[in-house]
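Take a look at the structure set out below.
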There are 4 protein chains.
Amino acid sequence: MKKQAARISASEIEAIARDEVQSVGRLGIKVEDLSAGHARLRLPFDPESIRPGGTISGPVQMGLADYAIYAVVMSLIGPVKLAVTTSLNCNFLRRPKPGDLIADATILKMGKRLAVGEVSIYSDGDDEPVAHVVATYSIPPDAVAG
Amino acid sequence: MKKQAARISASEIEAIARDEVQSVGRLGIKVEDLSAGHARLRLPFDPESIRPGGTISGPVQMGLADYAIYAVVMSLIGPVKLAVTTSLNCNFLRRPKPGDLIADATILKMGKRLAVGEVSIYSDGDDEPVAHVVATYSIPPDAVAG
Amino acid sequence: MKKQAARISASEIEAIARDEVQSVGRLGIKVEDLSAGHARLRLPFDPESIRPGGTISGPVQMGLADYAIYAVVMSLIGPVKLAVTTSLNCNFLRRPKPGDLIADATILKMGKRLAVGEVSIYSDGDDEPVAHVVATYSIPPDAVAG
Amino acid sequence: MKKQAARISASEIEAIARDEVQSVGRLGIKVEDLSAGHARLRLPFDPESIRPGGTISGPVQMGLADYAIYAVVMSLIGPVKLAVTTSLNCNFLRRPKPGDLIADATILKMGKRLAVGEVSIYSDGDDEPVAHVVATYSIPPDAVAG
């Protein structure tokens with residue numbers, strides 16, 4: 001399937017995190033690839049993310065996944081900042097190495113009221129995911145105009 | 001049912017966050033009540049936790065919930081730092097006010113290999129939960145000795 | 001908190017299962033207690049529900065839980081048959097005995113568009129739950145009139 | 001990646017459902033494709049599966065998904081009947097048509113103690129999934145010998 005252009009740019013997504021979601025913006029997430037319905041994000045390693053066992057803490061992974069689905073939703077409907085997560089389910093599969101994390105997010109359903117996205121998180125350079133997340137976003141009623 | 005003493009103290013739990021899980025420790029979570037199988041935690045308000053809409057971001061709530069279940073597990077088996085979350089399901093119910101969050105965590109099952117806990121999160125002073133989380137922790141094989 | 005009357009009767013809920021959801025109706029679920037925001041259902045034991053290990057199969061438990069939340073939603077807004085589950089998360093905690101199952105369902109949030117409910121399932125006579133379910137229902141736009 | 005042979009045959013999986021999980025066996029699920037770590041199942045349409053709105057009920061879809069992950073786990077470790085679901089998360093994405101359902105299941109993680117699988121369910125002939133499920137199975141300690 002041919003990639004379609006996203007309705008928001010990578011730098012706009014990074015700016016929203018930096019300017020309006022400081023708890024995420026502080027992480028320095030980079031949008032490495034973006035098209036309509038797909039986003040690939042990189043979370044640079046930060047020693048503060050370590051938890052006992054020498055691995056990256058779960059909430060850091062969930063924050064990355066949540067933001068990746070936010071990015072995918074905006075890739076389809078533009079910069080709808082007020083879209084909010086209504087549910088998130090995370091399965092932690094393997095312990096991430098202390099290094100960068102990559103999030104690959106796609107859309108399962110883009111409805112008028114609800115969007116459902118799926119994310120696989122990898123340790124950079126590894127083939128097997130460290131975590132898998134499915135999350136639902138609620139879309140504000142007037143979001144269609146983007 | 002009479003409360004039983006926890007197998008770890010509130011200050012020990014706070015110290016683990018502060019010293020070994022910096023991404024959580026930074027949040028300054030307080031353990032306000034602790035008994036075997038129950039924990040009540042407070043997350044002091046931090047303006048950095050705000051997201052568009054003037055509410056507290058989802059990952060901050062999930063981080064609090066995850067830590068609350070970690071605390072409940074340790075209330076039953078002692079300071080098993082290497083217990084790790086294997087899955088977490090969060091439903092966001094209402095938008096939290098920009099203020100302190102309270103997490104009330106209980107245990108649904110304490111098995112030899114898996115523990116399942118449940119958390120309700122409230123805006124301080126409100127009766128209706130802003131989020132509800134169920135999470136599973138994997139217990140290391142040698143953890144019984146605590 | 002004083003119980004408030006439900007906006008649907010137990011026999012009406014049983015009739016919907018019997019007449020319009022045969023895959024559930026076949027199970028013979030009884031509504032044992034019903035008030036606004038709470039439902040207690042009984043699933044009579046059926047040897048067909050057994051799976052290897054001599055326990056009751058997971059899908060039977062999930063079907064009971066799903067129907068219990070449907071009942072709770074209708075206890076609050078009346079017989080809105082077109083309410084549909086949008087997500088369901090189940091944690092299986094203990095192996096149920098080959099006997100009746102009891103489902104205790106409550107509401108976590110009753111919004112205009114989404115309702116979130118919680119169910120604990122027990123083997124009849126036991127105190128510890130065999131399964132715990134959280135599910136979200138989507139409410140049709142014109143359901144307020146009930 | 002080249003397909004590897006499954007450690008159980010399609011007819012063996014169908015026989016387990018038929019002989020030992022009657023609540024599933026009654027559904028007449030067919031295993032259409034099977035290799036190590038992947039299974040494709042077909043649920044023949046049964047008018048009893050209909051719910052209000054003319055669509056297939058949620059528990060029927062969850063039963064199919066649960067069995068599909070059971071099949072994938074057995075494709076990797078052989079006929080371990082006592083593997084049990086520990087958690088299941090289902091997102092209902094679109095209303096299935098009254099027709100056959102197809103389940104495509106893959107493995108996210110095959111550990112010694114826990115296996116995590118993912119399933120997309122489709123109305124036969126459609127490209128967009130009607131439901132998406134992630135579930136975790138607990139593997140009995142002596143299952144390695146298969």
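Chain labels follow the order of the structure tokens: the first chain is A, the next B, and so on; residue numbering restarts at 1 in every chain, and ligands are counted from 1 in their shown order.
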
Extract, using only C-alpha atoms, all DNA, RNA and protein residues at most 8 Å from C:Leu64, discarding same-chain residues fewer than 3 positions from it, and format them as a PDB file with C-alpha atoms, in the first residue's frame.
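Contents of around32.pdb, as written:
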ATOM      1  CA  VAL C  24     -25.668 -15.905  26.033  1.00  0.00           C
ATOM      2  CA  ILE C  29     -27.974 -16.606  33.415  1.00  0.00           C
ATOM      3  CA  LEU C  43     -24.416 -18.614  35.800  1.00  0.00           C
ATOM      4  CA  VAL C  60     -17.702 -18.672  29.363  1.00  0.00           C
ATOM      5  CA  GLN C  61     -16.411 -16.425  32.146  1.00  0.00           C
ATOM      6  CA  TYR C  67     -23.381  -9.600  30.052  1.00  0.00           C
ATOM      7  CA  ALA C  68     -23.090  -8.415  33.656  1.00  0.00           C
ATOM      8  CA  ALA C 103     -20.740 -12.103  38.799  1.00  0.00           C
TER       9      ALA C 103
END

LSQ fit chain C -> chain A, C-alpha in sequence order, output as a PDB file with C-alpha atoms, in the first residue's frame:
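Listing of out_39.pdb after writing:
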ATOM      1  CA  MET C   1      -0.062   0.032   0.017  1.00  0.00           C
ATOM      2  CA  LYS C   2       1.374   3.363  -0.990  1.00  0.00           C
ATOM      3  CA  LYS C   3       2.237   5.664   1.862  1.00  0.00           C
ATOM      4  CA  GLN C   4       0.118   8.790   2.095  1.00  0.00           C
ATOM      5  CA  ALA C   5       1.348  12.047   3.512  1.00  0.00           C
ATOM      6  CA  ALA C   6       0.537  12.714   7.145  1.00  0.00           C
ATOM      7  CA  ARG C   7      -1.708  15.652   8.049  1.00  0.00           C
ATOM      8  CA  ILE C   8       0.887  16.930  10.501  1.00  0.00           C
ATOM      9  CA  SER C   9       4.666  17.139  10.266  1.00  0.00           C
ATOM     10  CA  ALA C  10       7.225  15.368  12.415  1.00  0.00           C
ATOM     11  CA  SER C  11       8.495  18.667  13.744  1.00  0.00           C
ATOM     12  CA  GLU C  12       4.971  19.781  14.679  1.00  0.00           C
ATOM     13  CA  ILE C  13       4.496  16.587  16.701  1.00  0.00           C
ATOM     14  CA  GLU C  14       7.836  17.088  18.435  1.00  0.00           C
ATOM     15  CA  ALA C  15       6.866  20.680  19.199  1.00  0.00           C
ATOM     16  CA  ILE C  16       3.588  19.646  20.847  1.00  0.00           C
ATOM     17  CA  ALA C  17       5.487  17.315  23.167  1.00  0.00           C
ATOM     18  CA  ARG C  18       8.119  19.943  23.914  1.00  0.00           C
ATOM     19  CA  ASP C  19       5.762  22.841  24.474  1.00  0.00           C
ATOM     20  CA  GLU C  20       2.565  21.317  25.828  1.00  0.00           C
ATOM     21  CA  VAL C  21       3.249  17.922  27.372  1.00  0.00           C
ATOM     22  CA  GLN C  22       6.357  18.571  29.410  1.00  0.00           C
ATOM     23  CA  SER C  23       6.316  15.189  31.120  1.00  0.00           C
ATOM     24  CA  VAL C  24       6.771  13.702  27.632  1.00  0.00           C
ATOM     25  CA  GLY C  25       8.685  16.590  26.100  1.00  0.00           C
ATOM     26  CA  ARG C  26      11.434  16.168  28.658  1.00  0.00           C
ATOM     27  CA  LEU C  27      12.118  12.731  27.170  1.00  0.00           C
ATOM     28  CA  GLY C  28      13.326  14.208  23.873  1.00  0.00           C
ATOM     29  CA  ILE C  29      11.342  11.853  21.633  1.00  0.00           C
ATOM     30  CA  LYS C  30      12.212  12.100  17.916  1.00  0.00           C
ATOM     31  CA  VAL C  31       9.742  11.358  15.124  1.00  0.00           C
ATOM     32  CA  GLU C  32      11.857   9.386  12.660  1.00  0.00           C
ATOM     33  CA  ASP C  33       9.202   8.436  10.152  1.00  0.00           C
ATOM     34  CA  LEU C  34       5.642   9.592   9.646  1.00  0.00           C
ATOM     35  CA  SER C  35       2.947   8.865   7.115  1.00  0.00           C
ATOM     36  CA  ALA C  36      -0.834   8.720   7.266  1.00  0.00           C
ATOM     37  CA  GLY C  37      -1.581   5.954   9.773  1.00  0.00           C
ATOM     38  CA  HIS C  38       1.994   5.145  10.749  1.00  0.00           C
ATOM     39  CA  ALA C  39       4.637   6.671  12.997  1.00  0.00           C
ATOM     40  CA  ARG C  40       8.094   5.591  14.033  1.00  0.00           C
ATOM     41  CA  LEU C  41       9.492   7.317  17.116  1.00  0.00           C
ATOM     42  CA  ARG C  42      12.833   7.130  18.887  1.00  0.00           C
ATOM     43  CA  LEU C  43      13.286   7.652  22.608  1.00  0.00           C
ATOM     44  CA  PRO C  44      16.939   8.520  23.286  1.00  0.00           C
ATOM     45  CA  PHE C  45      18.400   6.651  26.229  1.00  0.00           C
ATOM     46  CA  ASP C  46      18.375   8.491  29.535  1.00  0.00           C
ATOM     47  CA  PRO C  47      20.076   6.882  32.563  1.00  0.00           C
ATOM     48  CA  GLU C  48      17.191   8.248  34.668  1.00  0.00           C
ATOM     49  CA  SER C  49      14.886   5.723  32.979  1.00  0.00           C
ATOM     50  CA  ILE C  50      16.639   2.756  34.563  1.00  0.00           C
ATOM     51  CA  ARG C  51      14.889   0.618  37.180  1.00  0.00           C
ATOM     52  CA  PRO C  52      16.168  -2.290  39.325  1.00  0.00           C
ATOM     53  CA  GLY C  53      17.489  -5.022  37.031  1.00  0.00           C
ATOM     54  CA  GLY C  54      19.246  -2.513  34.756  1.00  0.00           C
ATOM     55  CA  THR C  55      16.282  -2.176  32.434  1.00  0.00           C
ATOM     56  CA  ILE C  56      14.082   0.733  31.335  1.00  0.00           C
ATOM     57  CA  SER C  57      11.082   1.338  33.576  1.00  0.00           C
ATOM     58  CA  GLY C  58       7.595   0.426  32.431  1.00  0.00           C
ATOM     59  CA  PRO C  59       6.054   3.893  32.694  1.00  0.00           C
ATOM     60  CA  VAL C  60       8.721   5.278  30.357  1.00  0.00           C
ATOM     61  CA  GLN C  61       7.776   2.644  27.783  1.00  0.00           C
ATOM     62  CA  MET C  62       4.077   3.367  28.237  1.00  0.00           C
ATOM     63  CA  GLY C  63       4.672   7.098  27.879  1.00  0.00           C
ATOM     64  CA  LEU C  64       6.483   6.488  24.611  1.00  0.00           C
ATOM     65  CA  ALA C  65       3.699   4.195  23.352  1.00  0.00           C
ATOM     66  CA  ASP C  66       0.958   6.606  24.335  1.00  0.00           C
ATOM     67  CA  TYR C  67       2.693   9.422  22.514  1.00  0.00           C
ATOM     68  CA  ALA C  68       3.276   7.253  19.443  1.00  0.00           C
ATOM     69  CA  ILE C  69      -0.436   6.567  19.121  1.00  0.00           C
ATOM     70  CA  TYR C  70      -1.201  10.267  19.633  1.00  0.00           C
ATOM     71  CA  ALA C  71       1.182  10.893  16.707  1.00  0.00           C
ATOM     72  CA  VAL C  72      -0.546   8.297  14.531  1.00  0.00           C
ATOM     73  CA  VAL C  73      -3.965   9.762  15.256  1.00  0.00           C
ATOM     74  CA  MET C  74      -2.702  13.242  14.342  1.00  0.00           C
ATOM     75  CA  SER C  75      -1.116  11.827  11.179  1.00  0.00           C
ATOM     76  CA  LEU C  76      -4.669  11.067  10.060  1.00  0.00           C
ATOM     77  CA  ILE C  77      -6.713  13.998  11.363  1.00  0.00           C
ATOM     78  CA  GLY C  78      -4.156  16.755  11.905  1.00  0.00           C
ATOM     79  CA  PRO C  79      -3.098  18.523  15.109  1.00  0.00           C
ATOM     80  CA  VAL C  80      -6.049  17.679  17.375  1.00  0.00           C
ATOM     81  CA  LYS C  81      -4.320  18.331  20.663  1.00  0.00           C
ATOM     82  CA  LEU C  82      -7.427  17.616  22.718  1.00  0.00           C
ATOM     83  CA  ALA C  83      -7.669  13.996  21.665  1.00  0.00           C
ATOM     84  CA  VAL C  84      -7.293  12.025  24.914  1.00  0.00           C
ATOM     85  CA  THR C  85      -6.453   8.431  25.729  1.00  0.00           C
ATOM     86  CA  THR C  86      -9.450   6.529  27.067  1.00  0.00           C
ATOM     87  CA  SER C  87      -7.756   3.185  27.570  1.00  0.00           C
ATOM     88  CA  LEU C  88      -4.318   1.676  27.217  1.00  0.00           C
ATOM     89  CA  ASN C  89      -3.267  -1.942  27.463  1.00  0.00           C
ATOM     90  CA  CYS C  90       0.408  -2.790  27.675  1.00  0.00           C
ATOM     91  CA  ASN C  91       2.123  -6.156  27.644  1.00  0.00           C
ATOM     92  CA  PHE C  92       5.778  -6.110  28.654  1.00  0.00           C
ATOM     93  CA  LEU C  93       7.464  -8.865  26.685  1.00  0.00           C
ATOM     94  CA  ARG C  94      11.229  -8.628  27.262  1.00  0.00           C
ATOM     95  CA  ARG C  95      13.493  -6.422  29.347  1.00  0.00           C
ATOM     96  CA  PRO C  96      14.765  -3.548  27.226  1.00  0.00           C
ATOM     97  CA  LYS C  97      18.472  -2.966  27.101  1.00  0.00           C
ATOM     98  CA  PRO C  98      19.756   0.318  28.524  1.00  0.00           C
ATOM     99  CA  GLY C  99      19.671   2.094  25.156  1.00  0.00           C
ATOM    100  CA  ASP C 100      17.386   3.912  22.745  1.00  0.00           C
ATOM    101  CA  LEU C 101      13.846   2.626  22.304  1.00  0.00           C
ATOM    102  CA  ILE C 102      12.025   2.570  18.957  1.00  0.00           C
ATOM    103  CA  ALA C 103       8.222   2.710  18.757  1.00  0.00           C
ATOM    104  CA  ASP C 104       6.390   1.570  15.629  1.00  0.00           C
ATOM    105  CA  ALA C 105       2.773   2.668  15.732  1.00  0.00           C
ATOM    106  CA  THR C 106      -0.092   1.926  13.362  1.00  0.00           C
ATOM    107  CA  ILE C 107      -3.815   2.535  13.387  1.00  0.00           C
ATOM    108  CA  LEU C 108      -6.309  -0.289  13.883  1.00  0.00           C
ATOM    109  CA  LYS C 109      -9.402   1.874  13.557  1.00  0.00           C
ATOM    110  CA  MET C 110      -9.973   5.536  12.868  1.00  0.00           C
ATOM    111  CA  GLY C 111     -13.587   6.241  13.743  1.00  0.00           C
ATOM    112  CA  LYS C 112     -15.400   9.520  14.218  1.00  0.00           C
ATOM    113  CA  ARG C 113     -15.431   9.240  17.989  1.00  0.00           C
ATOM    114  CA  LEU C 114     -12.782   6.646  18.796  1.00  0.00           C
ATOM    115  CA  ALA C 115      -9.397   5.761  17.333  1.00  0.00           C
ATOM    116  CA  VAL C 116      -7.572   2.567  18.215  1.00  0.00           C
ATOM    117  CA  GLY C 117      -3.845   2.240  17.629  1.00  0.00           C
ATOM    118  CA  GLU C 118      -1.208  -0.412  18.157  1.00  0.00           C
ATOM    119  CA  VAL C 119       2.467   0.035  19.033  1.00  0.00           C
ATOM    120  CA  SER C 120       5.409  -2.313  19.154  1.00  0.00           C
ATOM    121  CA  ILE C 121       8.424  -1.083  21.103  1.00  0.00           C
ATOM    122  CA  TYR C 122      11.936  -2.345  20.373  1.00  0.00           C
ATOM    123  CA  SER C 123      15.385  -1.897  21.819  1.00  0.00           C
ATOM    124  CA  ASP C 124      17.227  -0.140  19.001  1.00  0.00           C
ATOM    125  CA  GLY C 125      18.755  -2.768  16.737  1.00  0.00           C
ATOM    126  CA  ASP C 126      16.716  -5.708  18.024  1.00  0.00           C
ATOM    127  CA  ASP C 127      14.058  -7.594  16.068  1.00  0.00           C
ATOM    128  CA  GLU C 128      11.913  -8.796  18.904  1.00  0.00           C
ATOM    129  CA  PRO C 129       9.625  -6.311  20.643  1.00  0.00           C
ATOM    130  CA  VAL C 130      10.125  -5.430  24.320  1.00  0.00           C
ATOM    131  CA  ALA C 131       6.551  -4.224  24.733  1.00  0.00           C
ATOM    132  CA  HIS C 132       3.249  -4.177  22.870  1.00  0.00           C
ATOM    133  CA  VAL C 133       0.557  -1.594  23.462  1.00  0.00           C
ATOM    134  CA  VAL C 134      -2.991  -1.083  22.212  1.00  0.00           C
ATOM    135  CA  ALA C 135      -4.643   2.195  23.124  1.00  0.00           C
ATOM    136  CA  THR C 136      -7.877   4.000  22.384  1.00  0.00           C
ATOM    137  CA  TYR C 137      -8.144   7.746  21.890  1.00  0.00           C
ATOM    138  CA  SER C 138     -11.333   9.747  22.139  1.00  0.00           C
ATOM    139  CA  ILE C 139     -11.645  12.310  19.351  1.00  0.00           C
ATOM    140  CA  PRO C 140     -13.285  15.644  20.196  1.00  0.00           C
ATOM    141  CA  PRO C 141     -16.589  16.156  18.315  1.00  0.00           C
ATOM    142  CA  ASP C 142     -15.319  19.052  16.188  1.00  0.00           C
ATOM    143  CA  ALA C 143     -12.067  17.402  15.158  1.00  0.00           C
ATOM    144  CA  VAL C 144     -13.061  16.423  11.626  1.00  0.00           C
ATOM    145  CA  ALA C 145     -12.119  19.817  10.292  1.00  0.00           C
ATOM    146  CA  GLY C 146      -8.655  19.050  11.653  1.00  0.00           C
TER     147      GLY C 146
END

request  = Pick out each residue of chain A that DSSP on the backbone tags as strand (DSSP E); I need them as a PyMOL selection string.
outcome  = chain A and resi 30-35+38-43+50-51+55-56+84-92+101-110+114-123+131-138
